[in-house]
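As structure tokens, the structure follows; a few thoughts come after it.
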Number of protein chains: 4
Amino acid sequence: MGTIFRLTSFGESHGKVIGGVIDGCPAGIPVEMESILRDMERRRPGRRTASKRKESDIPRFLSGLLDDTSTGAPIAFVIPNEDSKPEDYEYLKELYRPSHGDFTYHKKYGIDDHRLVHRASARETAVRVVAGSIAKQVLERSGIFIAGITSCIGPHCITRDYSFEEMEDAANTSLQCPDKVLSRKMRSLLTSIRKEGDSIGCEVQAMITGVPPGLGDPVFNKLQASLASSMLSINAAVSFDFGSGRHAAGMKGSEYNDLFTVHNGHIRTATNNSGGIQAGISNGEDINFRVIFKPIPTISKEQQTVKRDGKPATIQGRGRHDVCVAPRVVPVVEAMAAMVILDHSLLSKSVSF
Amino acid sequence: MGTIFRLTSFGESHGKVIGGVIDGCPAGIPVEMESILRDMERRRPGRRTASKRKESDIPRFLSGLLDDTSTGAPIAFVIPNEDSKPEDYEYLKELYRPSHGDFTYHKKYGIDDHRLVHRASARETAVRVVAGSIAKQVLERSGIFIAGITSCIGPHCITRDYSFEEMEDAANTSLQCPDKVLSRKMRSLLTSIRKEGDSIGCEVQAMITGVPPGLGDPVFNKLQASLASSMLSINAAVSFDFGSGRHAAGMKGSEYNDLFTVHNGHIRTATNNSGGIQAGISNGEDINFRVIFKPIPTISKEQQTVKRDGKPATIQGRGRHDVCVAPRVVPVVEAMAAMVILDHSLLSKSVSF
Amino acid sequence: MGTIFRLTSFGESHGKVIGGVIDGCPAGIPVEMESILRDMERRRPGRRTASKRKESDIPRFLSGLLDDTSTGAPIAFVIPNEDSKPEDYEYLKELYRPSHGDFTYHKKYGIDDHRLVHRASARETAVRVVAGSIAKQVLERSGIFIAGITSCIGPHCITRDYSFEEMEDAANTSLQCPDKVLSRKMRSLLTSIRKEGDSIGCEVQAMITGVPPGLGDPVFNKLQASLASSMLSINAAVSFDFGSGRHAAGMKGSEYNDLFTVHNGHIRTATNNSGGIQAGISNGEDINFRVIFKPIPTISKEQQTVKRDGKPATIQGRGRHDVCVAPRVVPVVEAMAAMVILDHSLLSKSVSF
Amino acid sequence: MGTIFRLTSFGESHGKVIGGVIDGCPAGIPVEMESILRDMERRRPGRRTASKRKESDIPRFLSGLLDDTSTGAPIAFVIPNEDSKPEDYEYLKELYRPSHGDFTYHKKYGIDDHRLVHRASARETAVRVVAGSIAKQVLERSGIFIAGITSCIGPHCITRDYSFEEMEDAANTSLQCPDKVLSRKMRSLLTSIRKEGDSIGCEVQAMITGVPPGLGDPVFNKLQASLASSMLSINAAVSFDFGSGRHAAGMKGSEYNDLFTVHNGHIRTATNNSGGIQAGISNGEDINFRVIFKPIPTISKEQQTVKRDGKPATIQGRGRHDVCVAPRVVPVVEAMAAMVILDHSLLSKSVSF
């Protein structure tokens with residue numbers, strides 16, 4: 001993905017490593033390993049609400065850095081898969097798991113092997129977090145910052161808008177949700193869903209602040225089109241909207257339009273229903289958007305399915321698995337946003353790093 | 001946009017022509033002008049509920065066809081802009097229209113000229129309809145069909161799922177909505193909104209039937225990511241979701257998962273919450289998705305804004321303009337979907353035309 | 001072709017128009033029609049040594065310019081094909097012309113129609129000249145200039161290096177060759193070749209001056225790789241070399257290496273065997289390269305061939321045709337070079353326009 | 001590089017590993033490690049005529065293979081750099097080496113560090129050989145084979161055309177040249193050049209047999225343009241020509257044109273001056289081309305240069321280095337050709353694997 005800042009990812013969740021190669025990172029950027037590990041920690045399983053699996057999640061860089069500074073050459077890295085236990089998956093050998101990729105992978109690649117689909121594992125998102133964390137560090141040098149929060153888990157949704165600072169602070173909480181009362185409700189829902197052997201959907205909200213006006217293209221490569229594409233490429237993502245988003249269907253132009261005003265000598269908009277993007281191009285206001293994720297398909301409850309030979313069967317998820325992609329997916333959303341904004345910045349002659 | 005089937009568009013809404021060039025259309029496909037004109041007619045202003053402007057909307061093909069059959073060479077076409085009246089826009093010379101591209105274009109291109117933004121006009125979507133109509137004709141040869149409907153105008157939304165046939169039939173109605181009672185409500189809402197000098201948001205739903213399993217890529221180039229990107233590249237689009245989409249946030253895995261069954265000897269899913277796409281790849285079920293559009297920013301009501309020099313001003317839309325992008329945007333949504341599916345089909349060795 | 005500055009071309013030599021769409025041209029560049037016409041005139045048939053065909057060769061711009069200044073939007077243009085006479089080509093209906101594209105087009109597109117191949121006509125290069133002429137005008141604002149000359153026609157080759165100014169001056173001569181004595185020999189060779197009903201190969205040399213150090217990528221997208229690709233995409237081109245080029249096979253490192261010196265406080269190289277490019281990246285010296293073109297395949301002499309049904313036949317070229325692609329191809333070479341250098345400049349943060 | 005079959009490479013010659021990621025390899029292809037190691041062995045230093053450095057050159061695959069068969073997922077691999085000795089390069093800290101990338105890298109990336117340029121090392125070509133070897137194995141399943149030979153070292157050039165079989169056999173000889181007498185002359189030239197502390201240029205020739213008609217595009221993405229780009233992306237390559245190539249400048253159309261004949265019921269050409277490509281598209285005949293390489297810039301002879309601060313200095317290459325890129329570059333040329341042909345095959349609906 002990407003035109004100038006490009007990420008190529010590789011690896012299967014149960015191989016020895018997964019990894020990625022970043023092309024087009026500007027040269028001379030100091031890369032702080034601390035920040036990367038902090039983002040990795042946020043998507044790490046092993047927190048109270050997330051899966052029990054333990055992984056080291058420390059990326060090892062193979063190229064492109066000299067004394068922890070980018071050289072302009074491709075930055076390759078691998079992340080070890082410490083406790084891969086292929087036998088945990090043996091029972092899947094003959095089954096198509098509902099709403100997983102077993103069936104579609106078989107159809108696409110013509111190979112009837114249950115191990116194939118491990119490419120689709122959520123583990124792959126660790127690669128995105130590493131690359132996105134580097135992209136964030138580049139953007140921060142130009143005053144561009146990104147923060148994401150868990151905005152809904154199941155029916156429990158935040159009820160007001162949060163400032164960028166409040167969203168940033170939420171990163172340090174276990175559910176990455178800025179509303180403490182709500183967090184407690186979310187946590188007890190997750191506990192009961194786990195007991196039921198079920199899983200649950202969620203929503204993540206993100207804000208990008210400091211984006212200069214002028215990023216994005218007016219027709220096919222609109223900034224929101226790049227964001228939508230990158231968000232829908234995250235496992236389990238099923239919906240993207242920005243600004244007033246889906247509420248816009250019920251709004252009138254006189255409510256939705258962001259009137260221009262002058263603020264401290266700068267032209268600004270009085271409201272931000274446009275979510276920082278007008279006619280495909282950033283207008284200098286905060287960019288904000290939401291992504292909805294479906295419930296994780298692997299559940300411990302028994303489900304009907306078919307075997308690869310078409311015979312009916314039942315299936316029951318085993319081993320370690322989360323019950324909700326939030327909060328672990330929050331840094332993934334941030335990472336994808338960072339890569340999109342950086343790529344558009346590199347395409348523009350007006351931003352420098 | 002596109003990897004093999006690629007559309008390049010050009011032209012400003014108030015120049016003499018707009019047009020496009022299609023690269024990568026397979027050779028030997030008979031192109032029916034009738035079908036193109038039918039789709040153009042559906043997005044044409046001048047219907048009762050749409051703007052009063054009259055345009056010929058008949059594309060003239062400049063290359064790539066021989067005896068109305070594609071040759072494999074680029075297909076270029078132009079569409080005349082019959083009644084361009086630049087003086088209609090003179091009053092905008094010094095103003096930034098709220099929620100239009102005037103301000104962002106100025107910032108991006110560094111040119112302070114109100115005529116610049118005419119590239120962003122909804123007129124540009126006519127080019128997409130021509131190209132998409134050709135893509136549809138290619139797809140139909142492999143049994144792939146696409147239908148879109150107006151699913152909401154303001155608060156008036158359809159209340160059940162419709163079959164592909166019902167959706168196709170709606171194409172012939174003035175609002176392209178399959179629910180007749182609802183259509184009447186929508187029409188009266190549009191009338192009152194027009195009287196108020198305001199505009200209103202809406203939602204379009206689409207279904208693609210006949211897609212073979214195996215289209216799409218498992219990681220960055222997921223089929224839903226391509227669809228999302230293409231839909232968010234349509235003027236005024238602010239939200240995309242597929243399958244159960246935004247409802248997924250509140251669903252449990254046991255509700256959402258599409259259980260496999262065997263139907264007439266084929267492995268199928270009992271439900272279709274996944275909207276025909278699992279792990280980024282089509283699974284052979286119907287693909288369905290929704291796109292929400294913001295209200296049209298040009299309204300006759302007076303609004304606060306600023307001049308290009310930062311001085312406060314008021315603005316009032318003049319001339320012809322719609323009050324809602326639906327129903328005219330429905331064939332645009334179909335067109336974008338057709339180009340995405342065709343491009344993925346051409347990338348796959350398993351579909352032939 | 002191109003990543004940021006991209007040209008899409010369309011049209012068949014015997015349709016009504018050919019044309020192109022330029023995406024990614026920076027905004028705010030005044031486009032001088034005079035310069036474009038001058039380059040078009042240089043590739044125009046109808047000069048003494050070139051074909052008798054008359055065309056207007058005046059491009060009509062459809063979009064992307066406002067008061068003759070680029071707006072940042074796609075620049076589309078068409079060039080009329082004034083005296084298309086399809087009946088001139090009727091005799092080809094059943095034949096495969098030797099070393100033309102009739103056979104390969106049939107195989108690629110599966111369409112057995114002699115008109116198909118008109119896409120491959122040299123006429124298509126007019127589109128490149130228009131786009132390249134605009135690219136040149138953008139580059140000139142940063143002090144980057146390009147000049148090409150006819151360096152060989154058949155066995156007659158220039159015998160020394162020419163300065164950039166000498167090369168530029170040659171643009172005004174009929175054969176675009178800076179050596180007057182040689183030009184006379186070339187002209188008389190062309191006359192006798194024409195009398196024989198034959199055609200002849202040639203070589204074009206070009207120089208780009210003013211390129212700043214730092215353009216190009218170190219691995220796959222080396223500057224010379226982009227130049228080679230663009231040159232080999234010109235009809236009839238069969239060889240590309242840069243710097244000391246093909247002589248390098250016989251040279252020693254101690255002869256070939258360009259030693260560094262300091263000149264007026266700048267680090268420069270004493271020689272320029274590297275042709276301005278080291279390790280894939282421009283070093284600030286003049287870029288120079290050579291392209292060799294095969295003889296034009298259409299000749300009046302009778303040749304053996306086969307019919308589309310495989311039966312043996314003879315063929316004899318009719319109508320207007322050149323006997324050598326030089327000098328008409330010289331501005332095409334310049335145009336392709338301009339687009340490549342501009343695209344790499346736009347990808348670099350260090351060049352501005 | 002590539003549209004469907006894409007190689008991303010990474011790593012610096014003196015880091016711990018170099019490596020690559022292949023995207024778009026078809027699924028279900030058995031990958032023979034033996035063939036890869038054979039090609040790696042051919043580019044390995046340590047043969048008599050090549051550098052003394054010892055490396056293991058055994059790629060380790062990290063993903064994309066299951067039981068030695070491609071799964072369709074990205075194939076990542078690393079190759080260890082066993083005996084990296086950064087101190088060998090300490091003396092370069094302050095110098096710009098003539099005709100190396102030290103100067104241009106500094107200018108491009110703005111980083112003044114001599115270790116930067118190790119990305120440009122010939123070591124990087126090992127990655128291409130691994131990927132190309134896999135591409136060859138895919139192509140062989142469709143009957144497409146590639147062979148390269150050393151055709152010139154300095155003034156010693158082959159004097160006749162060789163059949164594909166003769167070229168293949170040469171792969172097993174130390175200089176990869178099919179002419180034994182010439183090989184002896186080449187070897188003694190290399191010995192004396194090494195004694196002089198100098199280096200020498202060379203030429204490599206390659207042939208691709210079994211390519212079906214119809215690969216390649218008629219305009220910008222001509223098959224020869226893709227080949228030229230890939231060849232000029234190899235370190236030290238300075239010239240590319242195909243078919244009769246540079247001799248075409250002196251040829252007449254009546255000599256050059258490849259007349260059609262019928263051979264065993266198939267339409268073939270009597271000669272192959274077009275080198276298997278007509279109008280940008282393969283015609284089914286053998287594709288053949290030549291690449292010329294400059295002498296290796298690192299020599300033991302003393303040379304004038306400047307320090308990074310502009311002060312004059314002398315430089316003398318130390319440590320291990322080859323005196324000629326041939327024969328080690330031969331498998332690299334084959335690898336690049338394989339990747340280009342495979343990519344065009346995957347873009348075509350008419351080739352299957």
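Going by the structure tokens order, chains are called A, B, ..., each with residues numbered from 1, while ligands are numbered from 1 in the order shown.
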Worksheet entry | All residues 12 Å or closer to C:Val204, only C-alpha atoms, same chain fewer than 3 positions away omitted, as number ranges by chain | C: 147-154, 157-158, 167, 175-178, 201, 207, 231, 237-242, 288-294, 324-334; D: 246, 249
File dump, residues just selected, C-alpha atoms, as a PDB file, in the first residue's frame:
ATOM      1  CA  ALA C 147      18.358  19.027 -26.624  1.00  0.00           C
ATOM      2  CA  GLY C 148      18.456  16.163 -29.103  1.00  0.00           C
ATOM      3  CA  ILE C 149      20.201  15.677 -32.446  1.00  0.00           C
ATOM      4  CA  THR C 150      20.294  13.185 -35.288  1.00  0.00           C
ATOM      5  CA  SER C 151      23.643  11.502 -34.641  1.00  0.00           C
ATOM      6  CA  CYS C 152      23.584   8.783 -37.352  1.00  0.00           C
ATOM      7  CA  ILE C 153      21.583   7.990 -40.446  1.00  0.00           C
ATOM      8  CA  GLY C 154      22.702   4.638 -41.788  1.00  0.00           C
ATOM      9  CA  CYS C 157      27.551   9.282 -37.887  1.00  0.00           C
ATOM     10  CA  ILE C 158      28.787  12.345 -36.079  1.00  0.00           C
ATOM     11  CA  MET C 167      22.897  20.692 -30.119  1.00  0.00           C
ATOM     12  CA  LEU C 175      17.991  17.113 -40.388  1.00  0.00           C
ATOM     13  CA  GLN C 176      18.595  18.304 -36.808  1.00  0.00           C
ATOM     14  CA  CYS C 177      22.249  17.298 -37.165  1.00  0.00           C
ATOM     15  CA  PRO C 178      24.935  19.780 -36.024  1.00  0.00           C
ATOM     16  CA  GLY C 201      18.029   3.013 -39.526  1.00  0.00           C
ATOM     17  CA  MET C 207      21.600  15.894 -23.554  1.00  0.00           C
ATOM     18  CA  MET C 231      13.038   5.507 -24.887  1.00  0.00           C
ATOM     19  CA  ALA C 237      13.627   2.131 -30.865  1.00  0.00           C
ATOM     20  CA  VAL C 238      15.900  -0.877 -30.414  1.00  0.00           C
ATOM     21  CA  SER C 239      18.842   0.307 -28.306  1.00  0.00           C
ATOM     22  CA  PHE C 240      19.543   2.670 -25.417  1.00  0.00           C
ATOM     23  CA  ASP C 241      22.855   3.578 -23.840  1.00  0.00           C
ATOM     24  CA  PHE C 242      24.010   6.474 -21.652  1.00  0.00           C
ATOM     25  CA  ASN C 288      23.527  12.274 -22.121  1.00  0.00           C
ATOM     26  CA  PHE C 289      22.310   9.176 -23.916  1.00  0.00           C
ATOM     27  CA  ARG C 290      21.738   7.627 -27.317  1.00  0.00           C
ATOM     28  CA  VAL C 291      18.802   5.781 -28.860  1.00  0.00           C
ATOM     29  CA  ILE C 292      19.030   3.660 -31.994  1.00  0.00           C
ATOM     30  CA  PHE C 293      16.048   3.165 -34.267  1.00  0.00           C
ATOM     31  CA  LYS C 294      15.495   0.372 -36.743  1.00  0.00           C
ATOM     32  CA  CYS C 324      13.878   7.106 -41.744  1.00  0.00           C
ATOM     33  CA  VAL C 325      12.437   7.988 -38.336  1.00  0.00           C
ATOM     34  CA  ALA C 326      15.109  10.712 -37.966  1.00  0.00           C
ATOM     35  CA  PRO C 327      14.935  13.651 -37.919  1.00  0.00           C
ATOM     36  CA  ARG C 328      11.209  13.565 -37.012  1.00  0.00           C
ATOM     37  CA  VAL C 329      11.820  11.391 -33.963  1.00  0.00           C
ATOM     38  CA  VAL C 330      14.260  13.871 -32.342  1.00  0.00           C
ATOM     39  CA  PRO C 331      11.575  15.949 -30.554  1.00  0.00           C
ATOM     40  CA  VAL C 332       9.925  12.693 -29.461  1.00  0.00           C
ATOM     41  CA  VAL C 333      13.139  11.641 -27.719  1.00  0.00           C
ATOM     42  CA  GLU C 334      13.339  15.062 -26.073  1.00  0.00           C
TER      43      GLU C 334
ATOM     44  CA  ARG D 246      22.541  -1.325 -32.369  1.00  0.00           C
ATOM     45  CA  ALA D 249      21.162   2.008 -37.239  1.00  0.00           C
TER      46      ALA D 249
END
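By chain and then residue number, the residues within 10 Å of D:Thr104 are Pro213, Gly214, Leu215, Gly216, Pro218, Ile277, Gln278, Ala279, Gly280, Ile281, Ser282, Asn283 and Gly284 of chain C; Tyr96, Ser99, Tyr109, Gly110 and Val117 of chain D, counting only C-alpha atoms and disregarding those fewer than 5 positions away in sequence.
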Atoms to include: N, CA, C and O atoms. Write the selected residues as an mmCIF file, in the first residue's frame.
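That gives us selection_19.cif:
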data_model
loop_
_atom_site.group_PDB
_atom_site.id
_atom_site.type_symbol
_atom_site.label_atom_id
_atom_site.label_comp_id
_atom_site.auth_asym_id
_atom_site.auth_seq_id
_atom_site.Cartn_x
_atom_site.Cartn_y
_atom_site.Cartn_z
ATOM 1 N N PRO C 213 21.802 17.366 -8.577
ATOM 2 C CA PRO C 213 22.139 16.049 -8.057
ATOM 3 C C PRO C 213 21.006 15.529 -7.185
ATOM 4 O O PRO C 213 20.301 16.313 -6.561
ATOM 5 N N GLY C 214 20.798 14.211 -7.190
ATOM 6 C CA GLY C 214 19.852 13.609 -6.256
ATOM 7 C C GLY C 214 18.574 13.055 -6.867
ATOM 8 O O GLY C 214 17.748 12.500 -6.162
ATOM 9 N N LEU C 215 18.389 13.180 -8.197
ATOM 10 C CA LEU C 215 17.174 12.594 -8.800
ATOM 11 C C LEU C 215 17.421 11.125 -9.133
ATOM 12 O O LEU C 215 18.472 10.767 -9.644
ATOM 13 N N GLY C 216 16.410 10.307 -8.923
ATOM 14 C CA GLY C 216 16.524 8.880 -9.240
ATOM 15 C C GLY C 216 16.605 8.063 -7.972
ATOM 16 O O GLY C 216 16.816 8.588 -6.887
ATOM 17 N N PRO C 218 18.040 4.382 -5.952
ATOM 18 C CA PRO C 218 19.244 3.560 -6.007
ATOM 19 C C PRO C 218 19.055 2.140 -6.509
ATOM 20 O O PRO C 218 20.016 1.539 -6.954
ATOM 21 N N ILE C 277 24.911 10.261 -14.345
ATOM 22 C CA ILE C 277 24.160 9.387 -13.430
ATOM 23 C C ILE C 277 25.121 8.409 -12.771
ATOM 24 O O ILE C 277 25.820 7.667 -13.463
ATOM 25 N N GLN C 278 25.160 8.397 -11.450
ATOM 26 C CA GLN C 278 25.993 7.427 -10.735
ATOM 27 C C GLN C 278 25.152 6.722 -9.689
ATOM 28 O O GLN C 278 24.470 7.369 -8.893
ATOM 29 N N ALA C 279 25.208 5.388 -9.717
ATOM 30 C CA ALA C 279 24.431 4.573 -8.782
ATOM 31 C C ALA C 279 22.930 4.869 -8.896
ATOM 32 O O ALA C 279 22.198 4.801 -7.908
ATOM 33 N N GLY C 280 22.485 5.212 -10.090
ATOM 34 C CA GLY C 280 21.050 5.382 -10.334
ATOM 35 C C GLY C 280 20.538 6.778 -10.058
ATOM 36 O O GLY C 280 19.361 7.074 -10.257
ATOM 37 N N ILE C 281 21.443 7.669 -9.623
ATOM 38 C CA ILE C 281 21.040 8.995 -9.159
ATOM 39 C C ILE C 281 21.844 10.058 -9.906
ATOM 40 O O ILE C 281 23.050 9.896 -10.122
ATOM 41 N N SER C 282 21.193 11.137 -10.304
ATOM 42 C CA SER C 282 21.885 12.213 -11.027
ATOM 43 C C SER C 282 22.973 12.808 -10.148
ATOM 44 O O SER C 282 22.809 12.954 -8.947
ATOM 45 N N ASN C 283 24.110 13.149 -10.778
ATOM 46 C CA ASN C 283 25.214 13.737 -10.004
ATOM 47 C C ASN C 283 25.441 15.213 -10.329
ATOM 48 O O ASN C 283 26.431 15.802 -9.903
ATOM 49 N N GLY C 284 24.536 15.803 -11.105
ATOM 50 C CA GLY C 284 24.657 17.223 -11.392
ATOM 51 C C GLY C 284 25.373 17.533 -12.695
ATOM 52 O O GLY C 284 25.306 18.668 -13.187
ATOM 53 N N TYR D 96 34.994 10.560 -1.410
ATOM 54 C CA TYR D 96 34.022 10.154 -2.427
ATOM 55 C C TYR D 96 34.759 9.256 -3.412
ATOM 56 O O TYR D 96 35.684 9.722 -4.094
ATOM 57 N N SER D 99 33.004 7.420 -9.470
ATOM 58 C CA SER D 99 32.006 6.592 -10.155
ATOM 59 C C SER D 99 31.270 5.606 -9.246
ATOM 60 O O SER D 99 30.657 4.660 -9.729
ATOM 61 N N TYR D 109 20.141 11.923 -0.109
ATOM 62 C CA TYR D 109 19.579 11.674 1.211
ATOM 63 C C TYR D 109 20.001 12.707 2.244
ATOM 64 O O TYR D 109 19.497 12.714 3.363
ATOM 65 N N GLY D 110 20.965 13.560 1.872
ATOM 66 C CA GLY D 110 21.391 14.600 2.804
ATOM 67 C C GLY D 110 22.132 14.050 3.998
ATOM 68 O O GLY D 110 22.270 14.732 5.010
ATOM 69 N N VAL D 117 26.014 4.025 1.359
ATOM 70 C CA VAL D 117 26.010 3.557 -0.020
ATOM 71 C C VAL D 117 26.065 2.035 -0.104
ATOM 72 O O VAL D 117 25.936 1.469 -1.180
#
Worksheet entry | Contacts of D:Lys252 within 7 Å, only C-alpha atoms, excl. fewer than 3 positions in-chain, as a VMD selection string | (chain C and resid 198 to 201 295) or (chain D and resid 255 to 256)
Determine, using only C-alpha atoms, which residues of chain C have any atom at most 6 Å from an atom of chain B, and tabulate each with its shortest atom pair and distance in Å to one decimal place, rows ordered by chain and then rising number, as JSON lines.
{"residue": "C:Phe10", "atom": "CA", "partner": "B:Pro74", "partner_atom": "CA", "distance": 5.5}
{"residue": "C:Gly11", "atom": "CA", "partner": "B:Ser63", "partner_atom": "CA", "distance": 4.8}
{"residue": "C:Ala27", "atom": "CA", "partner": "B:Tyr109", "partner_atom": "CA", "distance": 5.5}
{"residue": "C:Ser63", "atom": "CA", "partner": "B:Gly11", "partner_atom": "CA", "distance": 4.9}
{"residue": "C:Pro74", "atom": "CA", "partner": "B:Phe10", "partner_atom": "CA", "distance": 5.5}
{"residue": "C:Tyr109", "atom": "CA", "partner": "B:Ala27", "partner_atom": "CA", "distance": 5.6}
Saved selection, atoms kept: N, CA and C atoms, as an mmCIF file, in the first residue's frame:
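part20.cif written:
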data_model
loop_
_atom_site.group_PDB
_atom_site.id
_atom_site.type_symbol
_atom_site.label_atom_id
_atom_site.label_comp_id
_atom_site.auth_asym_id
_atom_site.auth_seq_id
_atom_site.Cartn_x
_atom_site.Cartn_y
_atom_site.Cartn_z
ATOM 1 N N PHE C 10 -4.262 8.228 -26.347
ATOM 2 C CA PHE C 10 -5.320 7.456 -26.996
ATOM 3 C C PHE C 10 -5.390 7.832 -28.466
ATOM 4 N N GLY C 11 -6.100 7.041 -29.211
ATOM 5 C CA GLY C 11 -6.341 7.386 -30.593
ATOM 6 C C GLY C 11 -5.597 6.516 -31.579
ATOM 7 N N ALA C 27 0.445 23.057 -10.699
ATOM 8 C CA ALA C 27 -0.459 24.172 -10.983
ATOM 9 C C ALA C 27 0.318 25.472 -11.127
ATOM 10 N N SER C 63 -9.064 20.773 -21.347
ATOM 11 C CA SER C 63 -9.203 20.948 -19.896
ATOM 12 C C SER C 63 -7.858 21.228 -19.253
ATOM 13 N N PRO C 74 -6.254 17.600 -14.606
ATOM 14 C CA PRO C 74 -5.761 16.904 -15.793
ATOM 15 C C PRO C 74 -5.860 17.778 -17.047
ATOM 16 N N TYR C 109 -4.862 -9.452 -29.175
ATOM 17 C CA TYR C 109 -6.242 -9.035 -28.948
ATOM 18 C C TYR C 109 -7.272 -10.022 -29.501
#
Worksheet item: How would you write, as a list of chain:residue names, the set of residues in stretch 178-271 of chain A that DSSP gives as strand (DSSP E)?
Response: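 Across stretch 178-271 of chain A, those assigned strand (DSSP E) are A:Cys202, A:Glu203, A:Val204, A:Gln205, A:Ala206, A:Met207, A:Ile208, A:Thr209, A:Ala237, A:Val238, A:Ser239, A:Phe240, A:Asp241, A:Phe242, A:Phe260, A:Thr261, A:Val262, A:His263, A:His266, A:Ile267, A:Arg268, A:Thr269.
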Worksheet entry | Members of stretch 103-270 of chain B assigned helix (DSSP H, G or I) by DSSP, as a ChimeraX atom specification | /B:103-109,114-120,122-140,164-170,180-196,223-232,245-250,253-256
Worksheet item: Using only C-alpha atoms, which of the listed residues (A:Gly197, A:Pro59, A:Gly210, A:Pro98) sits closest to B:Thr261?
Response: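 Looking only at the distances to B:Thr261, the closest residue turns out to be A:Pro98.
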Discussion item. Can you measure atom CA of C:Val31 to atom CA of C:Val138 for me? One decimal in Å is fine.
Written reply: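 Here the two named atoms are 8.5 Å from each other.
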Discussion item. One decimal, in Å: what's the spacing between atom CA of D:Arg60 and atom CA of D:Ile341?
Written reply: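 Between these atoms lies a distance of 25.1 Å.
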Worksheet item: Within 8 Å of C:Leu342, counting only C-alpha atoms, which residues qualify if same-chain residues fewer than 2 places away don't, as a PyMOL selection string?
Response: chain C and resi 5+135+138-139+338-340+344-346
Generate a file of the selected residues that holds C-alpha atoms, formatted as a short mmCIF file (atom, residue, chain, number, x, y, z; two decimals), in the first residue's frame.
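Printed below is part.cif as written:
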data_model
loop_
_atom_site.label_atom_id
_atom_site.label_comp_id
_atom_site.auth_asym_id
_atom_site.auth_seq_id
_atom_site.Cartn_x
_atom_site.Cartn_y
_atom_site.Cartn_z
CA PHE C 5 3.41 13.46 -13.99
CA ALA C 135 7.08 19.07 -19.34
CA VAL C 138 7.97 23.21 -16.42
CA LEU C 139 11.59 22.05 -16.24
CA ALA C 338 11.45 15.71 -20.32
CA MET C 339 8.59 13.65 -18.88
CA VAL C 340 10.97 11.27 -17.10
CA HIS C 344 11.57 12.27 -10.89
CA SER C 345 11.74 15.97 -9.96
CA LEU C 346 8.18 15.87 -8.66
#
Worksheet, complete the sentence: Atom pair atom CA of A:His100 + atom CA of A:Thr298, distance 8.0 Å
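With only C-alpha atoms as the basis for measurement, C:Leu259 is the residue among C:Lys307, C:Leu259, C:Val323, C:His266 that approaches D:Leu95 most closely.
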